[in-house]
Structures are given as structure tokens and as C-alpha cells.
>>> print(open('model_30.txt').read())   # compact mmCIF, C-alpha atoms
# COMPACT_ATOMS: atom_id res chain seq x y z
CA MET A 5 39.93 -17.47 25.83
CA ARG A 6 42.57 -14.92 24.77
CA ILE A 7 41.46 -15.26 21.15
CA ILE A 8 37.81 -14.65 22.10
CA LEU A 9 38.76 -11.55 24.11
CA LEU A 10 40.87 -10.25 21.22
CA ILE A 11 38.00 -10.71 18.74
CA MET A 12 35.60 -8.90 21.11
CA ALA A 13 38.04 -6.00 21.46
CA LEU A 14 38.44 -5.71 17.69
CA LEU A 15 34.67 -5.71 17.20
CA SER A 16 34.36 -2.89 19.75
CA LEU A 17 36.90 -0.83 17.84
CA VAL A 18 35.00 -1.32 14.57
CA ILE A 19 31.72 -0.19 16.17
CA LEU A 20 33.34 2.96 17.57
CA ALA A 21 35.16 3.85 14.36
CA GLY A 22 32.32 5.74 12.64
CA CYS A 23 33.93 9.11 13.27
CA GLY A 24 36.37 10.63 15.71
CA SER A 25 36.43 14.23 16.89
CA SER A 26 38.84 16.64 18.47
CA ASN A 27 39.23 20.37 18.99
CA GLY A 28 42.67 20.29 17.38
CA ASP A 29 43.99 18.97 14.06
CA GLY A 30 42.63 15.64 12.78
CA GLY A 31 44.94 12.92 11.56
CA GLY A 32 44.91 10.91 8.34
CA GLY A 33 43.25 11.59 4.98
CA GLN A 34 42.51 14.97 3.48
CA GLN A 35 41.28 17.86 5.60
CA ASN A 36 38.36 19.99 4.42
CA SER A 37 37.54 23.36 5.99
CA VAL A 38 34.12 24.85 6.75
CA ASN A 39 33.90 28.48 7.84
CA ILE A 40 31.28 29.74 10.28
CA GLN A 41 30.94 33.39 9.36
CA ASN A 42 28.27 36.04 8.75
CA SER A 43 25.52 33.72 10.04
CA GLN A 44 26.24 30.92 7.58
CA VAL A 45 28.43 27.87 7.09
CA THR A 46 30.54 27.82 3.92
CA PRO A 47 30.42 25.44 2.17
CA LYS A 48 27.04 24.24 3.45
CA ASN A 49 27.36 20.74 1.98
CA VAL A 50 30.71 18.92 1.99
CA ASN A 51 31.58 15.70 0.14
CA VAL A 52 34.57 13.74 1.48
CA ASP A 53 36.15 10.32 1.16
CA VAL A 54 36.37 7.75 3.93
CA GLY A 55 39.24 8.70 6.23
CA ASP A 56 39.06 12.41 5.43
CA SER A 57 38.41 15.01 8.12
CA VAL A 58 36.40 18.23 8.29
CA ARG A 59 37.57 21.23 10.29
CA TRP A 60 35.08 23.91 11.31
CA ILE A 61 36.48 27.39 11.99
CA ASN A 62 34.43 29.95 13.91
CA LEU A 63 35.07 33.32 12.27
CA ASP A 64 31.99 34.92 13.83
CA SER A 65 32.14 37.37 16.71
CA ILE A 66 29.80 35.21 18.84
CA PRO A 67 30.41 31.70 20.23
CA HIS A 68 29.02 28.63 18.46
CA GLN A 69 28.94 24.85 18.85
CA VAL A 70 29.00 22.35 15.97
CA ILE A 71 26.62 19.49 16.80
CA SER A 72 25.49 16.51 14.73
CA GLY A 73 21.72 16.29 14.37
CA THR A 74 18.90 18.44 13.07
CA LEU A 75 16.80 21.49 13.92
CA LEU A 76 13.14 20.61 14.48
CA GLU A 77 9.92 22.58 14.13
CA SER A 78 9.31 24.89 17.06
CA GLY A 79 6.35 26.98 15.93
CA SER A 80 2.69 26.70 14.92
CA PRO A 81 1.45 27.20 11.34
CA THR A 82 -1.33 29.37 12.75
CA THR A 83 1.29 31.99 13.74
CA ILE A 84 1.28 34.38 10.77
CA HIS A 85 4.08 36.82 9.88
CA PRO A 86 2.84 39.37 7.30
CA ILE A 87 5.19 40.65 4.59
CA VAL A 88 3.90 43.34 2.23
CA ILE A 89 5.33 43.75 -1.27
CA SER A 90 5.05 47.16 -2.91
CA GLY A 91 6.86 48.92 -5.73
CA SER A 92 9.57 49.97 -3.27
CA GLY A 93 10.24 46.48 -1.93
CA PHE A 94 9.40 44.02 0.83
CA SER A 95 8.27 45.23 4.26
CA PRO A 96 9.75 44.20 6.59
CA GLN A 97 12.99 43.44 4.76
CA VAL A 98 14.19 41.12 7.55
CA SER A 99 11.94 38.74 9.48
CA GLN A 100 12.71 36.23 12.24
CA ILE A 101 10.31 33.33 12.70
CA ASN A 102 10.24 29.82 14.18
CA PHE A 103 10.36 26.73 11.98
CA GLY A 104 6.75 25.69 11.38
CA GLU A 105 5.30 29.20 11.42
CA THR A 106 3.83 30.89 8.35
CA ILE A 107 4.67 34.00 6.35
CA ARG A 108 1.88 35.77 4.48
CA LEU A 109 3.03 37.61 1.38
CA SER A 110 0.67 40.37 0.18
CA ASN A 111 1.19 41.85 -3.28
CA THR A 112 0.09 45.51 -3.36
CA ARG A 113 1.68 46.17 -6.74
CA THR A 114 -0.37 46.73 -9.88
CA VAL A 115 0.92 43.56 -11.54
CA SER A 116 1.15 39.89 -10.60
CA MET A 117 4.58 38.66 -9.56
CA ASN A 118 6.72 35.62 -8.91
CA VAL A 119 8.95 35.34 -5.83
CA ASN A 120 11.82 32.86 -5.60
CA VAL A 121 12.47 31.33 -2.18
CA VAL A 122 16.25 30.75 -2.02
CA ASN A 123 18.01 28.81 0.74
CA ASP A 124 21.41 29.59 2.23
CA ALA A 125 23.10 27.30 -0.30
CA GLY A 126 21.81 29.50 -3.12
CA GLN A 127 19.21 26.95 -4.28
CA VAL A 128 15.68 27.96 -5.31
CA VAL A 129 13.41 25.78 -3.16
CA GLU A 130 10.08 27.27 -4.23
CA VAL A 131 8.60 29.74 -6.71
CA LEU A 132 5.60 31.64 -5.33
CA SER A 133 3.12 33.17 -7.79
CA ILE A 134 1.15 36.05 -6.28
CA PRO A 135 -1.63 37.72 -8.29
CA GLN A 136 -2.13 41.47 -8.39
CA GLY A 137 -3.64 42.54 -5.09
CA GLY A 138 -3.50 38.96 -3.81
CA GLN A 139 -1.71 37.12 -1.05
CA ILE A 140 -0.18 33.72 -0.40
CA ASP A 141 0.77 31.82 2.75
CA TYR A 142 4.05 29.88 2.87
CA GLN A 143 5.89 27.64 5.33
CA PHE A 144 9.62 27.07 4.96
CA PRO A 145 10.90 23.49 4.49
CA SER A 146 13.55 23.73 7.20
CA ALA A 147 15.34 26.02 9.59
CA GLY A 148 17.84 28.34 7.91
CA ALA A 149 18.42 31.75 6.38
CA PHE A 150 16.19 32.23 3.32
CA SER A 151 16.00 35.00 0.73
CA LEU A 152 12.84 36.14 -1.02
CA LYS A 153 13.68 37.44 -4.49
CA ASP A 154 11.33 39.15 -6.94
CA THR A 155 11.88 37.77 -10.45
CA SER A 156 10.52 40.83 -12.32
CA GLY A 157 13.91 42.50 -12.63
CA LEU A 158 13.35 45.13 -9.94
CA LEU A 159 15.85 43.31 -7.68
CA LEU A 160 13.50 43.40 -4.68
CA THR A 161 14.70 41.12 -1.89
CA ALA A 162 13.96 40.20 1.72
CA THR A 163 15.52 37.86 4.29
CA VAL A 164 13.70 35.45 6.59
CA ILE A 165 15.63 33.76 9.41
CA VAL A 166 13.93 30.52 10.46
CA PHE A 167 14.87 29.22 13.93
CA GLY A 168 14.63 25.53 14.88
CA THR A 169 14.74 23.47 18.07
CA PRO A 170 18.10 21.67 18.51
CA ASN A 171 17.86 17.87 18.17
CA PRO A 172 21.37 16.38 18.62
CA ASN A 173 22.01 12.73 17.74
CA GLY A 174 25.24 12.27 19.72
CA ILE A 175 27.59 11.41 16.84
CA PHE A 176 29.83 14.45 17.32
CA GLN A 177 29.76 17.70 19.25
CA SER A 178 32.31 20.45 19.74
CA VAL A 179 32.98 22.48 22.83
CA THR A 180 31.86 26.10 22.63
CA LEU A 181 34.00 27.72 19.93
CA GLY A 182 35.08 31.31 20.39
CA THR A 183 36.28 33.50 17.54
CA GLY A 184 39.16 31.74 15.77
CA ASP A 185 38.60 28.37 17.49
CA THR A 186 38.40 25.17 15.44
CA PHE A 187 36.81 21.73 15.71
CA THR A 188 37.86 18.71 13.64
CA VAL A 189 36.11 15.41 12.94
CA GLN A 190 37.57 12.48 11.00
CA PHE A 191 34.94 10.45 9.13
CA ASP A 192 35.63 6.73 8.70
CA THR A 193 32.18 5.37 7.76
CA PRO A 194 30.22 6.15 4.56
CA ASN A 195 27.05 8.06 5.42
CA THR A 196 25.43 11.49 5.24
CA TYR A 197 25.92 13.37 8.50
CA ASN A 198 23.55 16.25 9.27
CA TYR A 199 24.67 18.90 11.71
CA PHE A 200 23.67 22.30 13.02
CA VAL A 201 25.57 25.22 14.50
CA LEU A 202 24.23 26.03 17.94
CA ASN A 203 23.92 29.67 18.91
CA ALA A 204 25.64 29.32 22.27
CA ASN A 205 24.15 32.61 23.51
CA ASN A 206 20.59 31.57 22.64
CA PRO A 207 20.16 27.90 21.59
CA ASN A 208 16.52 28.42 20.55
CA GLN A 209 17.72 30.94 17.94
CA SER A 210 19.83 28.40 16.05
CA PHE A 211 19.33 28.21 12.29
CA MET A 212 22.62 27.32 10.57
CA THR A 213 22.77 23.74 9.24
CA GLY A 214 24.96 21.67 6.96
CA THR A 215 25.78 18.16 5.82
CA VAL A 216 28.89 16.04 5.42
CA THR A 217 28.54 13.23 2.87
CA VAL A 218 31.17 10.49 3.23
CA GLN A 219 31.67 8.26 0.19
>>> encode(input="model_30.txt", output="C-alpha cells")
Amino acid sequence: MRIILLIMALLSLVILAGCGSSNGDGGGGQQNSVNIQNSQVTPKNVNVDVGDSVRWINLDSIPHQVISGTLLESGSPTTIHPIVISGSGFSPQVSQINFGETIRLSNTRTVSMNVNVVNDAGQVVEVLSIPQGGQIDYQFPSAGAFSLKDTSGLLLTATVIVFGTPNPNGIFQSVTLGTGDTFTVQFDTPNTYNYFVLNANNPNQSFMTGTVTVQ
């Protein structure tokens, strides 16, 4: 009977060993740091080895929570946000929309143009071709902070903040982190862990996301 109980206890420990979290320093393995600052997480995507830990540091002036999970669509594609492109730039230069809603880019310049859609990791996720005097509708692939960049050499840019609905999965979650506070998770199971940074002042205006890939 003692042997059976011991085996059951060991199995329970294995099941619970996927990752462990704390609001202090993690133990074992290498520690990797992620900064929450200027409305972004840096680096956005982290690759670690089994047994390593990741420490998030809130360097923003507002409180945040680090929560495993994703940000879901919260808007309708029939909600249109117009953005006009002229020789002087994009108008408006900053837009805030919900994930699932649509931007409508109108080109009032005298030439056709290409616009790169760049995510907050610096990756081009789409190239939009807009004819002279034409327009195009576009929906972003995820929540996040995106840049619209004209490729003609005029250096015209705009920013679109895309808010998502928090969808935690319960793997890890920090307490509310004030400025300078940290949260550490040790990862002991190979997997890709998605997470988002909750805007503690307004959860429905959360847009920062990242991943931790454990190899």
C-alpha cells in the first residue's frame, strides 16, 4: 500500500510540473528577462530550455498583469475605421480599434502605393496595394500594436492599436504589477506558451502579447 501511495504522489508531482510561478526570483536554470515598457513587451518571443525561467519586469507607469492565454476577437468586421492617405501622411496617425473590426485605407495621392503592415515584433505581416484614388479594407490578424508604413520612400507611417478580449488558460498568472514589480515563471515542460499583458486599469483595452517557446 505504501508503494502504491508513493507512486500516486510521484505521478501527481509530474502532472503539476509543467511550470511554476512566483512574484520573486525563480530557481534553477537560466533566467531570461522580458520588459513591459512603452506599450510593448521586449523581446516579444522568447526561446528557452527546459528548466529555464522568464522574469517579466513592469517598467510602465501603469499597472499590468502577465497572464497565459490569448486575446480574442471583440469587434465586428462591419465596423469600419477610415484612414485617409494623402501626400502629407496618414489621417488619423493613431487609431484604436477592436480585434475583428476593419480599417478602410483610402489613397488620395496621385499615384498608386504599397503599404506594409508591421506587427510589434517588427515583422511585415501584409503588403497592401492601393491604386491611385482607390481604397482597400483590411482586418488585422491578431490583437497588438501595428504600424502602417508607406514603401514609396516618403516615410509616411501610422499606428493602429488593436484591442482583444482576454482569454486566460490558467497556466500562469501574475498579481497586478506596479512600476518596477517583477513576475517569474520557471518552465519545465517543452511547449509554446502564449500570454498577454492585461491592462489592469481597463482589461478590454489589452493588446500586448508574447510567446515563450520551451525546447
>>> residues_around(input="model_30.txt", residues="range 141-147 of chain A", least_positions_apart="2", cutoff="8 Å", atoms="only C-alpha atoms", output="VMD selection string")
chain A and resid 75 to 77 81 102 to 109 139 149 165 to 168 211 to 213
>>> closest_residue(input="model_30.txt", among="A:Leu159, A:Val70, A:Ile40, A:Val50", to="Gln177 in chain A", atoms="only C-alpha atoms")
A:Val70
>>> atom_distance(input="model_30.txt", atom1="CA of Thr114 in chain A", atom2="CA of Gln136 in chain A")
5.7 Å
>>> closest_residue(input="model_30.txt", among="A:Phe176, A:Phe150, A:Trp60, A:Phe191", to="Gln100 in chain A", atoms="only C-alpha atoms")
A:Phe150
>>> residues_near_point(input="model_30.txt", point="(19.4, 11.4, 15.6)", cutoff="7 Å", atoms="all atoms listed in the file", output="mmCIF file with C-alpha atoms, in the coordinates of the input")
data_model
loop_
_atom_site.group_PDB
_atom_site.id
_atom_site.type_symbol
_atom_site.label_atom_id
_atom_site.label_comp_id
_atom_site.auth_asym_id
_atom_site.auth_seq_id
_atom_site.Cartn_x
_atom_site.Cartn_y
_atom_site.Cartn_z
ATOM 1 C CA GLY A 73 21.720 16.290 14.370
ATOM 2 C CA PRO A 172 21.370 16.380 18.620
ATOM 3 C CA ASN A 173 22.010 12.730 17.740
#
>>> atom_distance(input="model_30.txt", atom1="CA of Thr196 in chain A", atom2="CA of Glu130 in chain A")
24.0 Å
>>> residues_around(input="model_30.txt", residues="Phe94 in chain A", least_positions_apart="2", cutoff="10 Å", atoms="only C-alpha atoms", output="MDAnalysis selection string")
chainID A and resid 87:92 96:98 109:111 152:154 160:163
>>> atom_distance(input="model_30.txt", atom1="CA of Ile134 in chain A", atom2="CA of Val115 in chain A")
9.2 Å
>>> closest_residue(input="model_30.txt", among="A:Ser156, A:Gly138, A:Ile71, A:Asn42", to="Gly93 in chain A", atoms="all atoms listed in the file")
A:Ser156
>>> axis_aligned_box(input="model_30.txt", around="range 61-77 of chain A", padding_each_side="4 Å", output="AutoDock Vina command-line options")
--center_x 23.2 --center_y 26.8 --center_z 16.1 --size_x 34.6 --size_y 29.1 --size_z 16.2
>>> residues_around(input="model_30.txt", residues="range 44-47 of chain A", least_positions_apart="5", cutoff="12 Å", atoms="only C-alpha atoms", output="count of residues only")
33
>>> closest_residue(input="model_30.txt", among="A:Ile66, A:Val52, A:Leu132, A:Val189", to="Ile175 in chain A", atoms="all atoms listed in the file")
A:Val189
>>> residues_near_point(input="model_30.txt", point="(36.7, 5.1, 7.1)", cutoff="7 Å", atoms="all atoms listed in the file", output="list in words")
Val54, Gly55, Phe191, Asp192 and Thr193 of chain A
>>> residues_around(input="model_30.txt", residues="Gln219 in chain A", least_positions_apart="2", cutoff="8 Å", atoms="all atoms listed in the file", output="ChimeraX atom specification")
/A:51-54,194-195,217
>>> closest_residue(input="model_30.txt", among="A:Gln35, A:Gln41, A:Ser72, A:Ser133", to="Gly184 in chain A", atoms="all atoms listed in the file")
A:Gln41
>>> closest_residue(input="model_30.txt", among="A:Asn171, A:Asp185, A:Gly33, A:Thr82", to="Ser57 in chain A", atoms="only C-alpha atoms")
A:Gly33
